[in-house]
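Text of the file data.pdb, holding PDB, C-alpha atoms, pLDDT in the B column:
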ATOM      1  CA  MET J 285     108.738 -11.495  81.547  1.00 44.00           C
ATOM      2  CA  ARG J 286     106.465  -9.599  83.879  1.00 45.00           C
ATOM      3  CA  THR J 287     106.197 -10.812  87.392  1.00 44.00           C
ATOM      4  CA  LEU J 288     102.872 -11.383  89.052  1.00 42.00           C
ATOM      5  CA  GLU J 289     103.605  -8.435  91.340  1.00 49.00           C
ATOM      6  CA  THR J 290     104.302  -6.112  88.378  1.00 45.00           C
ATOM      7  CA  ARG J 291     101.134  -7.217  86.606  1.00 45.00           C
ATOM      8  CA  ASP J 292      99.060  -6.728  89.769  1.00 46.00           C
ATOM      9  CA  ARG J 293     100.564  -3.293  90.366  1.00 49.00           C
ATOM     10  CA  GLN J 294      99.798  -2.216  86.791  1.00 47.00           C
ATOM     11  CA  HIS J 295      96.255  -3.576  87.067  1.00 46.00           C
ATOM     12  CA  THR J 296      95.735  -1.755  90.367  1.00 45.00           C
ATOM     13  CA  GLN J 297      97.106   1.507  88.958  1.00 52.00           C
ATOM     14  CA  GLY J 298      94.853   1.218  85.924  1.00 54.00           C
ATOM     15  CA  THR J 299      91.901   0.512  88.147  1.00 63.00           C
ATOM     16  CA  ARG J 300      92.757   3.485  90.357  1.00 83.00           C
ATOM     17  CA  ALA J 301      92.905   5.746  87.307  1.00 84.00           C
ATOM     18  CA  ASP J 302      89.570   4.388  86.089  1.00 89.00           C
ATOM     19  CA  LEU J 303      87.991   4.869  89.506  1.00 92.00           C
ATOM     20  CA  LEU J 304      89.386   8.388  89.799  1.00 95.00           C
ATOM     21  CA  GLY J 305      87.917   9.202  86.380  1.00 93.00           C
ATOM     22  CA  ILE J 306      84.494   7.951  87.410  1.00 91.00           C
ATOM     23  CA  TYR J 307      84.732   9.780  90.746  1.00 96.00           C
ATOM     24  CA  LEU J 308      85.741  13.105  89.202  1.00 96.00           C
ATOM     25  CA  ASN J 309      83.127  12.862  86.443  1.00 94.00           C
ATOM     26  CA  ASP J 310      80.447  12.197  89.040  1.00 92.00           C
ATOM     27  CA  HIS J 311      81.588  15.296  90.926  1.00 93.00           C
ATOM     28  CA  LEU J 312      81.658  17.270  87.672  1.00 95.00           C
ATOM     29  CA  ALA J 313      78.032  16.290  87.082  1.00 91.00           C
ATOM     30  CA  GLY J 314      77.159  17.467  90.590  1.00 92.00           C
ATOM     31  CA  ALA J 315      79.120  20.678  90.080  1.00 94.00           C
ATOM     32  CA  THR J 316      77.249  21.301  86.838  1.00 93.00           C
ATOM     33  CA  ALA J 317      73.906  20.993  88.608  1.00 90.00           C
ATOM     34  CA  GLY J 318      75.251  23.183  91.426  1.00 93.00           C
ATOM     35  CA  VAL J 319      76.207  25.955  89.006  1.00 95.00           C
ATOM     36  CA  ASP J 320      72.780  25.834  87.371  1.00 92.00           C
ATOM     37  CA  ARG J 321      70.926  25.756  90.689  1.00 91.00           C
ATOM     38  CA  SER J 322      72.996  28.489  92.328  1.00 95.00           C
ATOM     39  CA  ARG J 323      72.566  30.833  89.349  1.00 94.00           C
ATOM     40  CA  TYR J 324      68.833  30.134  89.259  1.00 91.00           C
ATOM     41  CA  LEU J 325      68.479  30.833  92.989  1.00 94.00           C
ATOM     42  CA  ALA J 326      70.633  33.980  92.793  1.00 95.00           C
ATOM     43  CA  GLU J 327      68.462  35.285  89.957  1.00 93.00           C
ATOM     44  CA  ALA J 328      65.225  34.447  91.776  1.00 90.00           C
ATOM     45  CA  GLU J 329      66.429  36.186  94.946  1.00 92.00           C
ATOM     46  CA  GLN J 330      68.228  39.117  93.290  1.00 91.00           C
ATOM     47  CA  ASP J 331      65.761  41.688  94.658  1.00 89.00           C
ATOM     48  CA  THR J 332      65.857  40.323  98.205  1.00 86.00           C
ATOM     49  CA  ALA J 333      68.355  40.630 101.032  1.00 81.00           C
ATOM     50  CA  PHE J 334      69.762  37.236  99.967  1.00 86.00           C
ATOM     51  CA  GLY J 335      70.716  38.484  96.525  1.00 86.00           C
ATOM     52  CA  ALA J 336      73.898  40.174  97.744  1.00 90.00           C
ATOM     53  CA  ALA J 337      75.195  36.878  99.129  1.00 93.00           C
ATOM     54  CA  LEU J 338      73.873  34.532  96.442  1.00 96.00           C
ATOM     55  CA  GLY J 339      75.322  36.282  93.391  1.00 95.00           C
ATOM     56  CA  PRO J 340      78.971  36.015  94.503  1.00 96.00           C
ATOM     57  CA  LEU J 341      78.339  32.507  95.828  1.00 97.00           C
ATOM     58  CA  ALA J 342      77.020  31.404  92.424  1.00 97.00           C
ATOM     59  CA  ASP J 343      80.107  32.916  90.786  1.00 97.00           C
ATOM     60  CA  GLU J 344      82.398  30.981  93.146  1.00 98.00           C
ATOM     61  CA  ILE J 345      80.537  27.736  92.504  1.00 98.00           C
ATOM     62  CA  ALA J 346      81.029  28.268  88.759  1.00 97.00           C
ATOM     63  CA  GLU J 347      84.738  28.999  89.326  1.00 98.00           C
ATOM     64  CA  ASP J 348      85.067  25.810  91.375  1.00 98.00           C
ATOM     65  CA  ARG J 349      83.542  23.790  88.530  1.00 96.00           C
ATOM     66  CA  ALA J 350      86.036  25.342  86.109  1.00 98.00           C
ATOM     67  CA  THR J 351      88.850  24.459  88.516  1.00 98.00           C
ATOM     68  CA  LEU J 352      87.626  20.860  88.694  1.00 97.00           C
ATOM     69  CA  LEU J 353      87.759  20.709  84.893  1.00 96.00           C
ATOM     70  CA  GLU J 354      91.306  22.075  84.965  1.00 97.00           C
ATOM     71  CA  ILE J 355      92.339  19.438  87.518  1.00 97.00           C
ATOM     72  CA  MET J 356      90.729  16.715  85.414  1.00 95.00           C
ATOM     73  CA  ARG J 357      92.762  17.884  82.399  1.00 95.00           C
ATOM     74  CA  ARG J 358      95.977  17.797  84.448  1.00 96.00           C
ATOM     75  CA  LEU J 359      95.137  14.254  85.545  1.00 96.00           C
ATOM     76  CA  ASP J 360      94.265  13.212  81.972  1.00 94.00           C
ATOM     77  CA  VAL J 361      90.709  12.385  83.010  1.00 93.00           C
ATOM     78  CA  PRO J 362      88.336  12.701  80.038  1.00 87.00           C
ATOM     79  CA  VAL J 363      85.032  14.473  80.585  1.00 86.00           C
ATOM     80  CA  ARG J 364      82.031  12.185  80.215  1.00 76.00           C
ATOM     81  CA  ARG J 365      79.663  14.551  78.410  1.00 67.00           C
ATOM     82  CA  TYR J 366      76.625  12.345  78.959  1.00 50.00           C
ATOM     83  CA  LYS J 367      76.951  12.857  82.722  1.00 58.00           C
ATOM     84  CA  VAL J 368      77.158  16.625  82.294  1.00 57.00           C
ATOM     85  CA  VAL J 369      74.100  16.669  80.020  1.00 56.00           C
ATOM     86  CA  ALA J 370      72.170  14.410  82.401  1.00 56.00           C
ATOM     87  CA  SER J 371      72.934  16.707  85.333  1.00 57.00           C
ATOM     88  CA  HIS J 372      71.734  19.769  83.367  1.00 47.00           C
ATOM     89  CA  LEU J 373      68.481  17.979  82.559  1.00 54.00           C
ATOM     90  CA  ALA J 374      67.975  16.714  86.110  1.00 58.00           C
ATOM     91  CA  GLU J 375      68.518  20.184  87.547  1.00 60.00           C
ATOM     92  CA  LYS J 376      65.999  21.684  85.131  1.00 54.00           C
ATOM     93  CA  ALA J 377      63.464  18.963  85.923  1.00 52.00           C
ATOM     94  CA  GLY J 378      63.915  19.649  89.631  1.00 58.00           C
ATOM     95  CA  ARG J 379      62.580  23.154  89.104  1.00 53.00           C
ATOM     96  CA  LEU J 380      59.149  21.817  88.182  1.00 55.00           C
ATOM     97  CA  LYS J 381      58.157  21.073  91.787  1.00 58.00           C
ATOM     98  CA  ALA J 382      55.450  23.600  92.710  1.00 54.00           C
ATOM     99  CA  ASN J 383      56.036  23.688  96.502  1.00 55.00           C
ATOM    100  CA  GLY J 384      52.435  24.659  97.155  1.00 52.00           C
ATOM    101  CA  ARG J 385      52.101  27.471  94.632  1.00 51.00           C
ATOM    102  CA  LEU J 386      51.473  27.556  90.917  1.00 51.00           C
ATOM    103  CA  LEU J 387      51.672  31.208  89.849  1.00 57.00           C
ATOM    104  CA  GLN J 388      54.370  32.624  92.096  1.00 65.00           C
ATOM    105  CA  ARG J 389      57.516  31.405  93.753  1.00 72.00           C
ATOM    106  CA  SER J 390      56.999  29.770  97.127  1.00 77.00           C
ATOM    107  CA  PRO J 391      59.365  30.630  99.992  1.00 82.00           C
ATOM    108  CA  LEU J 392      59.673  26.870 100.423  1.00 86.00           C
ATOM    109  CA  THR J 393      61.374  26.700  97.021  1.00 86.00           C
ATOM    110  CA  SER J 394      64.280  28.863  98.184  1.00 90.00           C
ATOM    111  CA  LEU J 395      64.587  26.844 101.389  1.00 93.00           C
ATOM    112  CA  VAL J 396      64.814  23.555  99.493  1.00 91.00           C
ATOM    113  CA  GLU J 397      67.239  25.064  96.956  1.00 92.00           C
ATOM    114  CA  LEU J 398      69.513  26.265  99.773  1.00 95.00           C
ATOM    115  CA  GLU J 399      69.462  22.731 101.172  1.00 95.00           C
ATOM    116  CA  LEU J 400      70.388  21.319  97.764  1.00 92.00           C
ATOM    117  CA  LEU J 401      73.269  23.771  97.503  1.00 95.00           C
ATOM    118  CA  ARG J 402      74.475  22.833 100.992  1.00 97.00           C
ATOM    119  CA  THR J 403      74.481  19.195  99.945  1.00 95.00           C
ATOM    120  CA  GLY J 404      76.397  20.055  96.784  1.00 95.00           C
ATOM    121  CA  VAL J 405      79.018  22.138  98.591  1.00 98.00           C
ATOM    122  CA  THR J 406      79.434  19.354 101.144  1.00 97.00           C
ATOM    123  CA  GLY J 407      80.129  16.962  98.253  1.00 97.00           C
ATOM    124  CA  LYS J 408      82.541  19.440  96.718  1.00 97.00           C
ATOM    125  CA  THR J 409      84.377  19.680 100.034  1.00 98.00           C
ATOM    126  CA  ALA J 410      84.748  15.903  99.982  1.00 98.00           C
ATOM    127  CA  VAL J 411      86.287  15.858  96.483  1.00 98.00           C
ATOM    128  CA  TRP J 412      88.756  18.607  97.437  1.00 98.00           C
ATOM    129  CA  GLU J 413      89.689  16.605 100.559  1.00 98.00           C
ATOM    130  CA  ALA J 414      90.188  13.421  98.530  1.00 97.00           C
ATOM    131  CA  LEU J 415      92.327  15.210  95.951  1.00 97.00           C
ATOM    132  CA  ARG J 416      94.304  16.918  98.715  1.00 97.00           C
ATOM    133  CA  ARG J 417      95.202  13.492 100.125  1.00 96.00           C
ATOM    134  CA  LEU J 418      96.326  12.375  96.662  1.00 96.00           C
ATOM    135  CA  ALA J 419      98.382  15.557  96.159  1.00 96.00           C
ATOM    136  CA  ASP J 420     101.094  14.237  98.465  1.00 93.00           C
ATOM    137  CA  GLU J 421     101.788  11.460  95.943  1.00 92.00           C
ATOM    138  CA  ASP J 422     100.796  13.054  92.631  1.00 94.00           C
ATOM    139  CA  GLU J 423     102.774  16.062  91.428  1.00 94.00           C
ATOM    140  CA  ARG J 424     100.018  16.996  88.981  1.00 95.00           C
ATOM    141  CA  LEU J 425      97.914  18.080  91.951  1.00 96.00           C
ATOM    142  CA  ASP J 426      98.680  21.401  93.643  1.00 97.00           C
ATOM    143  CA  ALA J 427      98.327  20.983  97.415  1.00 97.00           C
ATOM    144  CA  GLY J 428      98.211  24.751  97.973  1.00 97.00           C
ATOM    145  CA  GLN J 429      95.438  25.179  95.430  1.00 98.00           C
ATOM    146  CA  LEU J 430      93.449  22.381  97.048  1.00 98.00           C
ATOM    147  CA  ASP J 431      93.931  23.903 100.508  1.00 98.00           C
ATOM    148  CA  THR J 432      92.560  27.194  99.147  1.00 98.00           C
ATOM    149  CA  LEU J 433      89.607  25.391  97.557  1.00 98.00           C
ATOM    150  CA  LEU J 434      88.872  23.662 100.859  1.00 98.00           C
ATOM    151  CA  GLU J 435      88.908  26.971 102.732  1.00 98.00           C
ATOM    152  CA  ARG J 436      86.550  28.481 100.191  1.00 98.00           C
ATOM    153  CA  ALA J 437      84.185  25.497 100.388  1.00 98.00           C
ATOM    154  CA  HIS J 438      84.045  25.876 104.173  1.00 98.00           C
ATOM    155  CA  ARG J 439      83.232  29.598 103.775  1.00 98.00           C
ATOM    156  CA  GLN J 440      80.534  28.708 101.256  1.00 98.00           C
ATOM    157  CA  LEU J 441      79.017  26.230 103.694  1.00 98.00           C
ATOM    158  CA  ALA J 442      78.997  28.859 106.444  1.00 98.00           C
ATOM    159  CA  THR J 443      77.220  31.304 104.104  1.00 97.00           C
ATOM    160  CA  LEU J 444      74.671  28.663 103.106  1.00 97.00           C
ATOM    161  CA  GLU J 445      74.059  27.721 106.754  1.00 97.00           C
ATOM    162  CA  ARG J 446      73.385  31.384 107.598  1.00 96.00           C
ATOM    163  CA  LEU J 447      71.077  31.850 104.616  1.00 96.00           C
ATOM    164  CA  HIS J 448      69.282  28.603 105.406  1.00 96.00           C
ATOM    165  CA  ALA J 449      68.599  29.745 108.975  1.00 96.00           C
ATOM    166  CA  GLN J 450      67.229  33.057 107.687  1.00 94.00           C
ATOM    167  CA  GLN J 451      65.148  31.382 104.994  1.00 94.00           C
ATOM    168  CA  THR J 452      63.714  28.917 107.517  1.00 95.00           C
ATOM    169  CA  THR J 453      62.432  31.844 109.555  1.00 94.00           C
ATOM    170  CA  ARG J 454      61.201  33.606 106.423  1.00 90.00           C
ATOM    171  CA  THR J 455      59.393  30.477 105.216  1.00 91.00           C
ATOM    172  CA  PHE J 456      57.711  29.410 108.430  1.00 93.00           C
ATOM    173  CA  ASP J 457      57.219  32.746 110.211  1.00 87.00           C
ATOM    174  CA  ARG J 458      53.661  32.798 111.520  1.00 69.00           C
ATOM    175  CA  THR J 459      53.483  36.598 111.525  1.00 63.00           C
ATOM    176  CA  THR J 460      53.487  36.966 107.759  1.00 55.00           C
ATOM    177  CA  ASP J 461      50.234  37.615 105.969  1.00 50.00           C
ATOM    178  CA  GLU J 462      51.097  35.259 103.134  1.00 50.00           C
ATOM    179  CA  PRO J 463      49.363  31.898 103.239  1.00 47.00           C
ATOM    180  CA  HIS J 464      51.819  29.068 102.699  1.00 44.00           C
ATOM    181  CA  GLY J 465      50.431  26.233 100.626  1.00 43.00           C
ATOM    182  CA  GLN J 466      51.175  22.634 101.386  1.00 42.00           C
ATOM    183  CA  ASP J 467      52.771  20.205  99.011  1.00 40.00           C
TER     184      ASP J 467
END

Any chance you could put this one into structure tokens?
Amino acid sequence: MRTLETRDRQHTQGTRADLLGIYLNDHLAGATAGVDRSRYLAEAEQDTAFGAALGPLADEIAEDRATLLEIMRRLDVPVRRYKVVASHLAEKAGRLKANGRLLQRSPLTSLVELELLRTGVTGKTAVWEALRRLADEDERLDAGQLDTLLERAHRQLATLERLHAQQTTRTFDRTTDEPHGQD
């Protein structure tokens, strides 16, 4: 006969697994949107000075999403496809904002997209930190891999901070001849 303590421990472990599945699927949805957004921004900026930094960054963001999927498989966490599809659709819908211009890309668009990517990489850093804490107790998680992912996320944030500072100047520089519309 199971003791109350055994039953509670099993219930708690099941709940933890359920919560981890929800948590990782939510981060997968965010990572999916991040891949889409970073590729879109890299393509839009490919002929600018930012293109050299954004292309490799978009590739890393895609690699990080693939790594998250690999970790989810190791943890036996099923992918919730509806969340992935919803994040694709939300990211595409987010592109419809005109940012003051209808026929050409506004510099404000790149600024806002860089901010979205910073938010996404900050969230990704948080999931790597959470998994790193769990790695001490779960042999399915590779602490070294998570340390490497954390280092890369910090480098990505530094790159995005630098690009954001440059884009802020580019967007709001009063010496440019381009009129900036208001939204």

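For Ala410 in chain J, the residues within 12 Å (counting only C-alpha atoms, excluding itself and residues fewer than 3 positions away along the chain) are J:Tyr307, J:Leu308, J:His311, J:Thr403, J:Gly404, J:Val405, J:Thr406, J:Gly407, J:Glu413, J:Ala414, J:Leu415, J:Arg416, J:Arg417, J:Leu430, J:Leu433, J:Leu434, J:Ala437, J:His438.
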
File dump, residues just selected, C-alpha atoms, as a compact mmCIF listing (two decimals), keeping the file's coordinate frame:
# COMPACT_ATOMS: atom_id res chain seq x y z
CA TYR J 307 84.73 9.78 90.75
CA LEU J 308 85.74 13.10 89.20
CA HIS J 311 81.59 15.30 90.93
CA THR J 403 74.48 19.20 99.94
CA GLY J 404 76.40 20.06 96.78
CA VAL J 405 79.02 22.14 98.59
CA THR J 406 79.43 19.35 101.14
CA GLY J 407 80.13 16.96 98.25
CA GLU J 413 89.69 16.60 100.56
CA ALA J 414 90.19 13.42 98.53
CA LEU J 415 92.33 15.21 95.95
CA ARG J 416 94.30 16.92 98.72
CA ARG J 417 95.20 13.49 100.12
CA LEU J 430 93.45 22.38 97.05
CA LEU J 433 89.61 25.39 97.56
CA LEU J 434 88.87 23.66 100.86
CA ALA J 437 84.18 25.50 100.39
CA HIS J 438 84.04 25.88 104.17

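Within 10 Å of Arg424 in chain J, once all atoms listed in the file are used and residues closer than 2 positions along the same chain are dropped, the contacting residues are Ile355, Met356, Arg357, Arg358, Leu359, Asp360, Leu418, Ala419, Asp420, Glu421, Asp422, Asp426 and Ala427 of chain J.
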
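The gap separating CA of Leu444 in chain J from CA of Val363 in chain J is 28.6 Å, in Å to one decimal.
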
* Asked: CA of Leu395 in chain J and CA of His448 in chain J are how many Å apart?
  -> 6.4 Å

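If all atoms listed in the file are the atoms counted, then among J:Leu400, J:Val411, J:Ala333, J:Val361 the closest residue to Glu445 in chain J is J:Leu400.
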
* To do: For CA of Thr432 in chain J and CA of Arg349 in chain J, quote the distance in Å rounded to one decimal.
  => 14.3 Å

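Once the PyMOL selection byres ((chain J and resi 321) around 9) is applied to this file, the selection holds Thr316, Ala317, Gly318, Val319, Asp320, Ser322, Arg323, Tyr324, Leu325, Ala326, Ala342, Glu375, Lys376, Arg379, Glu397, Leu400 and Leu401 of chain J.
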
* Could you tell me which of J:Ala337, J:Glu347, J:Trp412, J:Gln429 comes closest to Ala442 in chain J if we count all atoms listed in the file? => J:Ala337

Put the listed atoms of range 354-361 of chain J in a box along x, y and z with 5 Å added on every side and give me the centre and edge lengths in Å to one decimal, as AutoDock Vina command-line options.
--center_x 93.3 --center_y 17.2 --center_z 84.7 --size_x 15.3 --size_y 19.7 --size_z 15.5

* Can you list, as a PyMOL selection string, every protein, DNA or RNA residue that comes within 9 Å of Gln440 in chain J when you count all atoms listed in the file, leaving out same-chain residues fewer than 5 positions away? -> chain J and resi 341+344-345+402+405+435+445

* Looking at only C-alpha atoms, which of J:Asn309, J:Thr351, J:Ser394, J:Thr409 is the one that sits closest to Ala449 in chain J? -> J:Ser394

* Using only C-alpha atoms, which of J:Leu425, J:Leu312, J:Ala328, J:Thr393 sits nearest Ala346 in chain J? -> J:Leu312

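Of the listed residues (J:Leu352, J:Gly305, J:Asp310, J:Glu327), J:Glu327 comes nearest to Pro340 in chain J; the distances count only C-alpha atoms.
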
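Take the candidates J:Leu392, J:Arg446, J:Thr452, J:Gly314 and check each one against Leu338 in chain J using all atoms listed in the file; the shortest distance goes to J:Arg446.
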